[in-house]
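In what follows, a single structure is set out as structure tokens and then discussed.
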Amino acid sequence: MYPNQRFRRLRTNPAMRSLVSETSLSPNDFIVPLFVVEGKNVKEEIASMPNYYRFSLDYLSKEVKLLWKMGLKSVLLFVKVDDQLKDNAGSEALNPKGLMQRAIDTVKQATPEMLVMTDVALDPYSKYGHDGIVRNGVIENDSTNLFLAQMAVSHAKAGADMVAPSDMMDGRIKVIRDELEAQSYYNTGIMSYSAKFASAFYGPFRDALDSAPVDIKDIPKDKKTYQMDPANRKEAIKETLADISEGADIVMVKPGLCYLDIVRDIANEVNLPVAVYQVSGEYAMIKAASEKGWLDHDAVMLEQLLAIKRAGASMIASYFAKDAVQLL
Ligand code: PBG
């Protein structure tokens with residue numbers, strides 16, 4: 001005897017399935033991470049991120065125009081800094097004519113309505129590849145925060161709409177918010193990487209920016225004293241609530257796929273938009289498996305993005321943004 005309730009009735013055909021579908025993806029959901037380098041006419045493919053590039057400013061300008069046409073309206077900028085400009089404090093980050101500051105301007109000139117978010121962290125500028133100032137083998141918290149606040153103001157001055165601190169120092173959202181207010185950047189938002197885990201999935205990104213922690217005696221070789229332990233769940237809520245109380249406008253969980261339980265916890269707990277960063281290693285895995293013919297690239301990509309959304313993401317920073325939007 002069969003039950004009267006047959007779930008397959010609602011799966012009969014595509015029209016029925018789309019009618020009852022609970023989650024969908026749209027271009028509005030995406031933040032496009034972009035890697036910027038010095039030079040002219042540079043479009044270099046990142047070895048561990050097939051079909052993803054570092055752009056010089058002239059190419060950046062073309063790229064954001066294309067993104068805008070596709071309906072992608074937010075970018076998140078990262079810069080690859082020349083080695084000779086790196087030091088322990090990340091001083092180059094405050095250069096008003098620095099690569100990040102010029103990149104912000106380039107995007108605003110090319111696509112005035114594009115939402116420009118910027119990475120606020122020391123690691124691309126740090127000769128040690130750390131997100132904070134290193135002293136006596138320790139990543140200093142409070143002195144790093146003061147520096148990050150200056151960096152945020154410098155980005156705001158250059159025209160950034162939102163700053164995105166990705167460092168995981170304690171209390172940095174408050175220090176950054178206070179400094180933005182003090183300098184009258186009331187409307188510059190903060191998207192905080194609030195639950196960022198010490199993940200092995202960041203490898204390809206560190207290749208892209210040449211920003212991996214260095215292997216030098218007495219310098220920590222990983223980021224485990226500031227990024228979160230992947231074993232921890234409750235701590236992600238604590239971190240996120242703290243960032244909200246300090247003034248974050250958007251909170252973030254990072255990486256994506258391995259942390260969807262955290263995404264759901266946070267989405268249930270807070271009433272701010274929750275961003276998820278589908279990181280470089282997640283991108284690389286899909287590219288590699290599909291190059292081998294082992295997975296269907298587009299199907300797996302859309303399934304993962306949908307799963308992130310279903311878990312509670314209000315938006316997704318993803319290297320697949322363009323690929324996905326072309327299929328939607
Ligand atoms: C560093 C930063 C990282 C990413 C974004 N900002 C790497 C790290 O923490 O070492 C990773 C993004 C990715 O892997 O796609 N401030």
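Letters for chains follow the order of the structure tokens (A, B, ...), residue numbers begin at 1 for each chain, and ligand numbers begin at 1 in the order shown.
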Contacts of ligand 1, 10 Å or closer, only C-alpha atoms and all ligand atoms, given as an MDAnalysis selection string
chainID A and resid 33 49 76 78 119:124 129:132 164:168 193 196:209 211:213 222:223 226:227 254:255 277:284 317:319
Report the residues of range 18-150 of chain A whose backbone DSSP state falls under strand (DSSP E), written as a VMD selection string.
chain A and resid 30 to 36 43 to 46 49 to 55 74 to 79 115 to 120 133 to 135 138 to 140
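Close contacts of Asp142 in chain A, defined as residues with an atom at most 9 Å away when counting only C-alpha atoms, with chain neighbours fewer than 4 positions off set aside, comprise Leu146, Phe147, Met169, Asp170, Gly171 and Arg172 of chain A.
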Dump N, CA, C and O atoms for the selected residues as a compact mmCIF listing (two decimals), in the first residue's frame?
```txt
# COMPACT_ATOMS: atom_id res chain seq x y z
N LEU A 146 45.77 49.24 14.72
CA LEU A 146 45.95 50.67 14.43
C LEU A 146 46.35 50.85 12.98
O LEU A 146 45.90 51.76 12.28
N PHE A 147 47.19 49.93 12.50
CA PHE A 147 47.63 50.01 11.11
C PHE A 147 46.47 49.72 10.15
O PHE A 147 46.28 50.41 9.14
N MET A 169 42.42 39.73 13.56
CA MET A 169 42.89 40.29 14.83
C MET A 169 41.66 40.54 15.72
O MET A 169 40.57 40.82 15.20
N ASP A 170 41.84 40.47 17.04
CA ASP A 170 40.72 40.79 17.93
C ASP A 170 40.47 42.29 17.96
O ASP A 170 41.42 43.08 18.03
N GLY A 171 39.22 42.66 17.93
CA GLY A 171 38.84 44.06 18.14
C GLY A 171 39.10 44.98 16.95
O GLY A 171 38.92 46.20 17.05
N ARG A 172 39.47 44.42 15.81
CA ARG A 172 39.85 45.33 14.72
C ARG A 172 38.67 46.05 14.12
O ARG A 172 38.81 47.17 13.61
```
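The coordinates place CA of Ala103 in chain A at 24.7 Å from CA of Ala182 in chain A.
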Quick one: pull the distance between CA of Asp218 in chain A and CA of Gln84 in chain A, Å, one decimal.
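According to the coordinates, CA of Asp218 in chain A and CA of Gln84 in chain A are separated by 21.7 Å.
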What lies within 9 Å of Val79 in chain A using only C-alpha atoms, ignoring chain neighbours under 2 positions off, as a list in words?
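Here the answer would be Leu34, Phe35, Val36, Val37, Glu38, Arg54, Leu77, Val81, Leu99, Met100, Ala103, Asp119, Pro124, Tyr125 and Leu209 of chain A.
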List the neighbours of range 59-64 of chain A out to 12 Å using only C-alpha atoms; skip same-chain residues closer than 3 positions along the sequence, and give me the result as a PDB file with N, CA, C and O atoms, in the first residue's frame.
```
ATOM      1  N   ILE A  31      29.958  38.433  -5.351  1.00  0.00           N
ATOM      2  CA  ILE A  31      31.052  39.395  -5.228  1.00  0.00           C
ATOM      3  C   ILE A  31      32.210  38.779  -6.014  1.00  0.00           C
ATOM      4  O   ILE A  31      32.537  37.605  -5.814  1.00  0.00           O
ATOM      5  N   VAL A  32      32.801  39.545  -6.921  1.00  0.00           N
ATOM      6  CA  VAL A  32      33.870  39.004  -7.761  1.00  0.00           C
ATOM      7  C   VAL A  32      35.235  39.411  -7.207  1.00  0.00           C
ATOM      8  O   VAL A  32      35.580  40.594  -7.222  1.00  0.00           O
ATOM      9  N   PRO A  33      36.024  38.450  -6.728  1.00  0.00           N
ATOM     10  CA  PRO A  33      37.381  38.787  -6.280  1.00  0.00           C
ATOM     11  C   PRO A  33      38.254  39.050  -7.510  1.00  0.00           C
ATOM     12  O   PRO A  33      38.161  38.333  -8.505  1.00  0.00           O
ATOM     13  N   LEU A  34      39.081  40.096  -7.445  1.00  0.00           N
ATOM     14  CA  LEU A  34      39.964  40.412  -8.567  1.00  0.00           C
ATOM     15  C   LEU A  34      41.387  40.633  -8.061  1.00  0.00           C
ATOM     16  O   LEU A  34      41.588  41.300  -7.041  1.00  0.00           O
ATOM     17  N   PHE A  35      42.348  40.078  -8.793  1.00  0.00           N
ATOM     18  CA  PHE A  35      43.762  40.223  -8.437  1.00  0.00           C
ATOM     19  C   PHE A  35      44.410  41.243  -9.365  1.00  0.00           C
ATOM     20  O   PHE A  35      44.308  41.122 -10.595  1.00  0.00           O
ATOM     21  N   VAL A  36      45.091  42.217  -8.779  1.00  0.00           N
ATOM     22  CA  VAL A  36      45.665  43.305  -9.561  1.00  0.00           C
ATOM     23  C   VAL A  36      47.185  43.308  -9.418  1.00  0.00           C
ATOM     24  O   VAL A  36      47.719  43.108  -8.321  1.00  0.00           O
ATOM     25  N   VAL A  37      47.859  43.531 -10.572  1.00  0.00           N
ATOM     26  CA  VAL A  37      49.340  43.666 -10.557  1.00  0.00           C
ATOM     27  C   VAL A  37      49.763  44.945 -11.256  1.00  0.00           C
ATOM     28  O   VAL A  37      49.011  45.514 -12.039  1.00  0.00           O
ATOM     29  N   GLU A  38      50.999  45.357 -10.984  1.00  0.00           N
ATOM     30  CA  GLU A  38      51.595  46.492 -11.696  1.00  0.00           C
ATOM     31  C   GLU A  38      51.830  46.102 -13.151  1.00  0.00           C
ATOM     32  O   GLU A  38      51.889  44.921 -13.496  1.00  0.00           O
ATOM     33  N   GLY A  39      52.022  47.123 -13.977  1.00  0.00           N
ATOM     34  CA  GLY A  39      52.396  46.868 -15.363  1.00  0.00           C
ATOM     35  C   GLY A  39      51.333  47.309 -16.343  1.00  0.00           C
ATOM     36  O   GLY A  39      50.313  47.895 -15.946  1.00  0.00           O
ATOM     37  N   LYS A  40      51.610  47.028 -17.600  1.00  0.00           N
ATOM     38  CA  LYS A  40      50.653  47.376 -18.673  1.00  0.00           C
ATOM     39  C   LYS A  40      50.398  46.122 -19.467  1.00  0.00           C
ATOM     40  O   LYS A  40      51.319  45.333 -19.698  1.00  0.00           O
ATOM     41  N   ASN A  41      49.154  45.963 -19.900  1.00  0.00           N
ATOM     42  CA  ASN A  41      48.851  44.836 -20.767  1.00  0.00           C
ATOM     43  C   ASN A  41      49.129  43.486 -20.131  1.00  0.00           C
ATOM     44  O   ASN A  41      49.479  42.542 -20.826  1.00  0.00           O
ATOM     45  N   VAL A  42      49.012  43.415 -18.816  1.00  0.00           N
ATOM     46  CA  VAL A  42      49.300  42.155 -18.140  1.00  0.00           C
ATOM     47  C   VAL A  42      47.997  41.433 -17.836  1.00  0.00           C
ATOM     48  O   VAL A  42      47.086  42.001 -17.228  1.00  0.00           O
ATOM     49  N   LYS A  43      47.924  40.193 -18.315  1.00  0.00           N
ATOM     50  CA  LYS A  43      46.820  39.312 -17.956  1.00  0.00           C
ATOM     51  C   LYS A  43      47.457  37.950 -17.762  1.00  0.00           C
ATOM     52  O   LYS A  43      47.631  37.210 -18.728  1.00  0.00           O
ATOM     53  N   GLU A  44      47.884  37.658 -16.522  1.00  0.00           N
ATOM     54  CA  GLU A  44      48.634  36.421 -16.261  1.00  0.00           C
ATOM     55  C   GLU A  44      47.714  35.403 -15.614  1.00  0.00           C
ATOM     56  O   GLU A  44      47.079  35.688 -14.592  1.00  0.00           O
ATOM     57  N   TYR A  52      41.819  31.886 -14.242  1.00  0.00           N
ATOM     58  CA  TYR A  52      41.715  33.069 -13.368  1.00  0.00           C
ATOM     59  C   TYR A  52      43.023  33.837 -13.480  1.00  0.00           C
ATOM     60  O   TYR A  52      44.083  33.230 -13.576  1.00  0.00           O
ATOM     61  N   TYR A  53      42.934  35.174 -13.453  1.00  0.00           N
ATOM     62  CA  TYR A  53      44.067  35.994 -13.883  1.00  0.00           C
ATOM     63  C   TYR A  53      44.431  37.091 -12.895  1.00  0.00           C
ATOM     64  O   TYR A  53      43.620  37.509 -12.080  1.00  0.00           O
ATOM     65  N   ARG A  54      45.684  37.526 -13.004  1.00  0.00           N
ATOM     66  CA  ARG A  54      46.078  38.797 -12.403  1.00  0.00           C
ATOM     67  C   ARG A  54      46.035  39.831 -13.518  1.00  0.00           C
ATOM     68  O   ARG A  54      46.572  39.593 -14.594  1.00  0.00           O
ATOM     69  N   PHE A  55      45.425  40.975 -13.240  1.00  0.00           N
ATOM     70  CA  PHE A  55      45.268  42.021 -14.253  1.00  0.00           C
ATOM     71  C   PHE A  55      46.067  43.265 -13.894  1.00  0.00           C
ATOM     72  O   PHE A  55      46.080  43.682 -12.732  1.00  0.00           O
ATOM     73  N   SER A  56      46.704  43.868 -14.906  1.00  0.00           N
ATOM     74  CA  SER A  56      47.214  45.219 -14.701  1.00  0.00           C
ATOM     75  C   SER A  56      46.029  46.178 -14.821  1.00  0.00           C
ATOM     76  O   SER A  56      44.932  45.777 -15.240  1.00  0.00           O
ATOM     77  N   LEU A  67      32.162  42.786 -16.461  1.00  0.00           N
ATOM     78  CA  LEU A  67      31.394  42.273 -15.315  1.00  0.00           C
ATOM     79  C   LEU A  67      30.085  43.047 -15.173  1.00  0.00           C
ATOM     80  O   LEU A  67      29.015  42.471 -14.963  1.00  0.00           O
ATOM     81  N   TRP A  68      30.214  44.361 -15.290  1.00  0.00           N
ATOM     82  CA  TRP A  68      29.006  45.212 -15.125  1.00  0.00           C
ATOM     83  C   TRP A  68      27.951  44.849 -16.162  1.00  0.00           C
ATOM     84  O   TRP A  68      26.772  44.731 -15.850  1.00  0.00           O
ATOM     85  N   LYS A  69      28.410  44.632 -17.393  1.00  0.00           N
ATOM     86  CA  LYS A  69      27.488  44.236 -18.472  1.00  0.00           C
ATOM     87  C   LYS A  69      26.792  42.921 -18.160  1.00  0.00           C
ATOM     88  O   LYS A  69      25.663  42.686 -18.559  1.00  0.00           O
ATOM     89  N   MET A  70      27.516  42.035 -17.487  1.00  0.00           N
ATOM     90  CA  MET A  70      26.951  40.723 -17.155  1.00  0.00           C
ATOM     91  C   MET A  70      26.011  40.785 -15.959  1.00  0.00           C
ATOM     92  O   MET A  70      25.429  39.770 -15.573  1.00  0.00           O
ATOM     93  N   GLY A  71      25.923  41.940 -15.329  1.00  0.00           N
ATOM     94  CA  GLY A  71      25.056  42.071 -14.167  1.00  0.00           C
ATOM     95  C   GLY A  71      25.771  41.843 -12.846  1.00  0.00           C
ATOM     96  O   GLY A  71      25.132  41.757 -11.793  1.00  0.00           O
ATOM     97  N   LEU A  72      27.104  41.746 -12.905  1.00  0.00           N
ATOM     98  CA  LEU A  72      27.875  41.579 -11.668  1.00  0.00           C
ATOM     99  C   LEU A  72      28.264  42.963 -11.152  1.00  0.00           C
ATOM    100  O   LEU A  72      28.915  43.729 -11.861  1.00  0.00           O
ATOM    101  N   LYS A  73      27.842  43.268  -9.926  1.00  0.00           N
ATOM    102  CA  LYS A  73      27.884  44.657  -9.478  1.00  0.00           C
ATOM    103  C   LYS A  73      28.764  44.907  -8.253  1.00  0.00           C
ATOM    104  O   LYS A  73      28.756  46.006  -7.699  1.00  0.00           O
ATOM    105  N   SER A  74      29.486  43.874  -7.818  1.00  0.00           N
ATOM    106  CA  SER A  74      30.408  44.059  -6.681  1.00  0.00           C
ATOM    107  C   SER A  74      31.724  43.369  -6.960  1.00  0.00           C
ATOM    108  O   SER A  74      31.737  42.207  -7.390  1.00  0.00           O
ATOM    109  N   VAL A  75      32.805  44.067  -6.682  1.00  0.00           N
ATOM    110  CA  VAL A  75      34.124  43.438  -6.800  1.00  0.00           C
ATOM    111  C   VAL A  75      34.873  43.571  -5.479  1.00  0.00           C
ATOM    112  O   VAL A  75      34.613  44.481  -4.691  1.00  0.00           O
ATOM    113  N   LEU A  76      35.763  42.626  -5.255  1.00  0.00           N
ATOM    114  CA  LEU A  76      36.599  42.631  -4.052  1.00  0.00           C
ATOM    115  C   LEU A  76      38.054  42.622  -4.527  1.00  0.00           C
ATOM    116  O   LEU A  76      38.492  41.669  -5.174  1.00  0.00           O
ATOM    117  N   LEU A  77      38.761  43.712  -4.259  1.00  0.00           N
ATOM    118  CA  LEU A  77      40.095  43.892  -4.841  1.00  0.00           C
ATOM    119  C   LEU A  77      41.210  43.377  -3.935  1.00  0.00           C
ATOM    120  O   LEU A  77      41.216  43.616  -2.725  1.00  0.00           O
ATOM    121  N   PHE A  78      42.165  42.680  -4.569  1.00  0.00           N
ATOM    122  CA  PHE A  78      43.396  42.224  -3.912  1.00  0.00           C
ATOM    123  C   PHE A  78      44.564  42.665  -4.786  1.00  0.00           C
ATOM    124  O   PHE A  78      44.466  42.639  -6.018  1.00  0.00           O
ATOM    125  N   VAL A  79      45.673  43.030  -4.174  1.00  0.00           N
ATOM    126  CA  VAL A  79      46.829  43.429  -4.979  1.00  0.00           C
ATOM    127  C   VAL A  79      48.025  42.527  -4.719  1.00  0.00           C
ATOM    128  O   VAL A  79      48.238  42.051  -3.607  1.00  0.00           O
ATOM    129  N   LEU A  99      49.238  50.595  -5.391  1.00  0.00           N
ATOM    130  CA  LEU A  99      48.497  49.829  -6.400  1.00  0.00           C
ATOM    131  C   LEU A  99      47.013  49.698  -6.029  1.00  0.00           C
ATOM    132  O   LEU A  99      46.135  49.846  -6.880  1.00  0.00           O
ATOM    133  N   MET A 100      46.722  49.425  -4.765  1.00  0.00           N
ATOM    134  CA  MET A 100      45.313  49.288  -4.349  1.00  0.00           C
ATOM    135  C   MET A 100      44.562  50.598  -4.574  1.00  0.00           C
ATOM    136  O   MET A 100      43.451  50.602  -5.136  1.00  0.00           O
ATOM    137  N   ARG A 102      45.192  53.002  -6.633  1.00  0.00           N
ATOM    138  CA  ARG A 102      44.983  53.250  -8.070  1.00  0.00           C
ATOM    139  C   ARG A 102      43.960  52.270  -8.647  1.00  0.00           C
ATOM    140  O   ARG A 102      43.197  52.617  -9.553  1.00  0.00           O
ATOM    141  N   ALA A 103      43.952  51.060  -8.121  1.00  0.00           N
ATOM    142  CA  ALA A 103      42.981  50.068  -8.613  1.00  0.00           C
ATOM    143  C   ALA A 103      41.547  50.509  -8.279  1.00  0.00           C
ATOM    144  O   ALA A 103      40.643  50.392  -9.111  1.00  0.00           O
ATOM    145  N   ILE A 104      41.354  51.013  -7.079  1.00  0.00           N
ATOM    146  CA  ILE A 104      40.022  51.505  -6.677  1.00  0.00           C
ATOM    147  C   ILE A 104      39.579  52.592  -7.653  1.00  0.00           C
ATOM    148  O   ILE A 104      38.463  52.576  -8.188  1.00  0.00           O
ATOM    149  N   ASP A 105      40.503  53.525  -7.906  1.00  0.00           N
ATOM    150  CA  ASP A 105      40.193  54.630  -8.808  1.00  0.00           C
ATOM    151  C   ASP A 105      39.888  54.123 -10.217  1.00  0.00           C
ATOM    152  O   ASP A 105      38.952  54.594 -10.872  1.00  0.00           O
ATOM    153  N   THR A 106      40.663  53.157 -10.669  1.00  0.00           N
ATOM    154  CA  THR A 106      40.465  52.591 -12.011  1.00  0.00           C
ATOM    155  C   THR A 106      39.064  52.000 -12.143  1.00  0.00           C
ATOM    156  O   THR A 106      38.372  52.213 -13.141  1.00  0.00           O
ATOM    157  N   VAL A 107      38.641  51.249 -11.133  1.00  0.00           N
ATOM    158  CA  VAL A 107      37.302  50.635 -11.197  1.00  0.00           C
ATOM    159  C   VAL A 107      36.224  51.716 -11.194  1.00  0.00           C
ATOM    160  O   VAL A 107      35.268  51.666 -11.978  1.00  0.00           O
ATOM    161  N   LYS A 108      36.399  52.702 -10.349  1.00  0.00           N
ATOM    162  CA  LYS A 108      35.389  53.773 -10.267  1.00  0.00           C
ATOM    163  C   LYS A 108      35.321  54.580 -11.560  1.00  0.00           C
ATOM    164  O   LYS A 108      34.240  55.015 -11.960  1.00  0.00           O
ATOM    165  N   GLN A 109      36.461  54.778 -12.210  1.00  0.00           N
ATOM    166  CA  GLN A 109      36.453  55.494 -13.494  1.00  0.00           C
ATOM    167  C   GLN A 109      35.751  54.669 -14.572  1.00  0.00           C
ATOM    168  O   GLN A 109      34.993  55.196 -15.384  1.00  0.00           O
ATOM    169  N   ALA A 110      36.030  53.369 -14.578  1.00  0.00           N
ATOM    170  CA  ALA A 110      35.496  52.502 -15.639  1.00  0.00           C
ATOM    171  C   ALA A 110      34.008  52.223 -15.438  1.00  0.00           C
ATOM    172  O   ALA A 110      33.231  52.221 -16.397  1.00  0.00           O
ATOM    173  N   THR A 111      33.639  51.976 -14.202  1.00  0.00           N
ATOM    174  CA  THR A 111      32.258  51.585 -13.871  1.00  0.00           C
ATOM    175  C   THR A 111      31.852  52.299 -12.580  1.00  0.00           C
ATOM    176  O   THR A 111      31.935  51.715 -11.490  1.00  0.00           O
ATOM    177  N   PRO A 112      31.405  53.548 -12.702  1.00  0.00           N
ATOM    178  CA  PRO A 112      31.152  54.365 -11.501  1.00  0.00           C
ATOM    179  C   PRO A 112      30.179  53.728 -10.507  1.00  0.00           C
ATOM    180  O   PRO A 112      30.269  53.993  -9.309  1.00  0.00           O
ATOM    181  N   GLU A 113      29.263  52.902 -11.020  1.00  0.00           N
ATOM    182  CA  GLU A 113      28.273  52.339 -10.091  1.00  0.00           C
ATOM    183  C   GLU A 113      28.698  51.011  -9.471  1.00  0.00           C
ATOM    184  O   GLU A 113      27.996  50.464  -8.617  1.00  0.00           O
ATOM    185  N   MET A 114      29.811  50.469  -9.929  1.00  0.00           N
ATOM    186  CA  MET A 114      30.296  49.205  -9.368  1.00  0.00           C
ATOM    187  C   MET A 114      30.596  49.386  -7.881  1.00  0.00           C
ATOM    188  O   MET A 114      31.213  50.368  -7.475  1.00  0.00           O
ATOM    189  N   LEU A 115      30.146  48.436  -7.069  1.00  0.00           N
ATOM    190  CA  LEU A 115      30.454  48.462  -5.643  1.00  0.00           C
ATOM    191  C   LEU A 115      31.891  47.948  -5.448  1.00  0.00           C
ATOM    192  O   LEU A 115      32.201  46.831  -5.838  1.00  0.00           O
ATOM    193  N   VAL A 116      32.719  48.794  -4.870  1.00  0.00           N
ATOM    194  CA  VAL A 116      34.123  48.422  -4.714  1.00  0.00           C
ATOM    195  C   VAL A 116      34.420  48.061  -3.262  1.00  0.00           C
ATOM    196  O   VAL A 116      34.290  48.887  -2.356  1.00  0.00           O
ATOM    197  N   LYS A 322      31.644  34.746 -12.770  1.00  0.00           N
ATOM    198  CA  LYS A 322      31.397  34.946 -14.206  1.00  0.00           C
ATOM    199  C   LYS A 322      30.862  33.667 -14.861  1.00  0.00           C
ATOM    200  O   LYS A 322      29.887  33.707 -15.606  1.00  0.00           O
TER     201      LYS A 322
END
```
Report, in Å with one decimal, the straight-line distance from CA of Met301 in chain A to CA of Thr12 in chain A.
24.2 Å
Would you list the contacts of Val270 in chain A as a compact mmCIF listing (two decimals) with C-alpha atoms, in the first residue's frame, taking every protein, DNA or RNA residue within 12 Å and counting only C-alpha atoms, but skipping same-chain residues closer than 3 positions in sequence?
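The resulting file, around37.txt, is shown below:
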```txt
# COMPACT_ATOMS: atom_id res chain seq x y z
CA ALA A 236 32.35 31.17 15.16
CA ILE A 237 29.18 32.60 16.68
CA LYS A 238 31.15 34.42 19.39
CA GLU A 239 33.50 35.94 16.81
CA THR A 240 30.61 37.02 14.61
CA LEU A 241 28.56 38.59 17.40
CA ALA A 242 31.64 40.48 18.56
CA ASP A 243 32.21 41.90 15.08
CA ILE A 244 28.58 42.97 14.86
CA SER A 245 28.75 44.74 18.19
CA ALA A 248 30.38 45.29 11.03
CA ASP A 249 27.76 45.80 8.30
CA ILE A 250 28.19 42.39 6.68
CA VAL A 251 29.70 39.32 8.34
CA MET A 252 31.45 36.48 6.57
CA VAL A 263 26.98 29.34 7.76
CA ARG A 264 23.63 27.97 8.92
CA ASP A 265 24.43 28.64 12.58
CA ILE A 266 25.34 32.23 11.83
CA ALA A 267 22.40 32.80 9.48
CA PRO A 273 23.69 39.87 5.70
CA VAL A 274 25.99 36.84 5.81
CA GLY A 312 22.13 30.67 4.53
CA ALA A 313 24.51 32.86 2.53
CA SER A 314 23.09 36.20 1.46
```
Name all residues at most 12 Å from Arg135 in chain A (count only C-alpha atoms; drop same-chain ones fewer than 3 positions away) and give them as a PyMOL selection string.
chain A and resi 88-89+128+130+132+138-144+218-220
I need the residue nearest Met151 in chain A from this list: A:Leu180, A:Arg11, A:Asp82, A:Ser48. Use only C-alpha atoms for the distance.
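For Met151 in chain A, the nearest of the given residues is A:Leu180.
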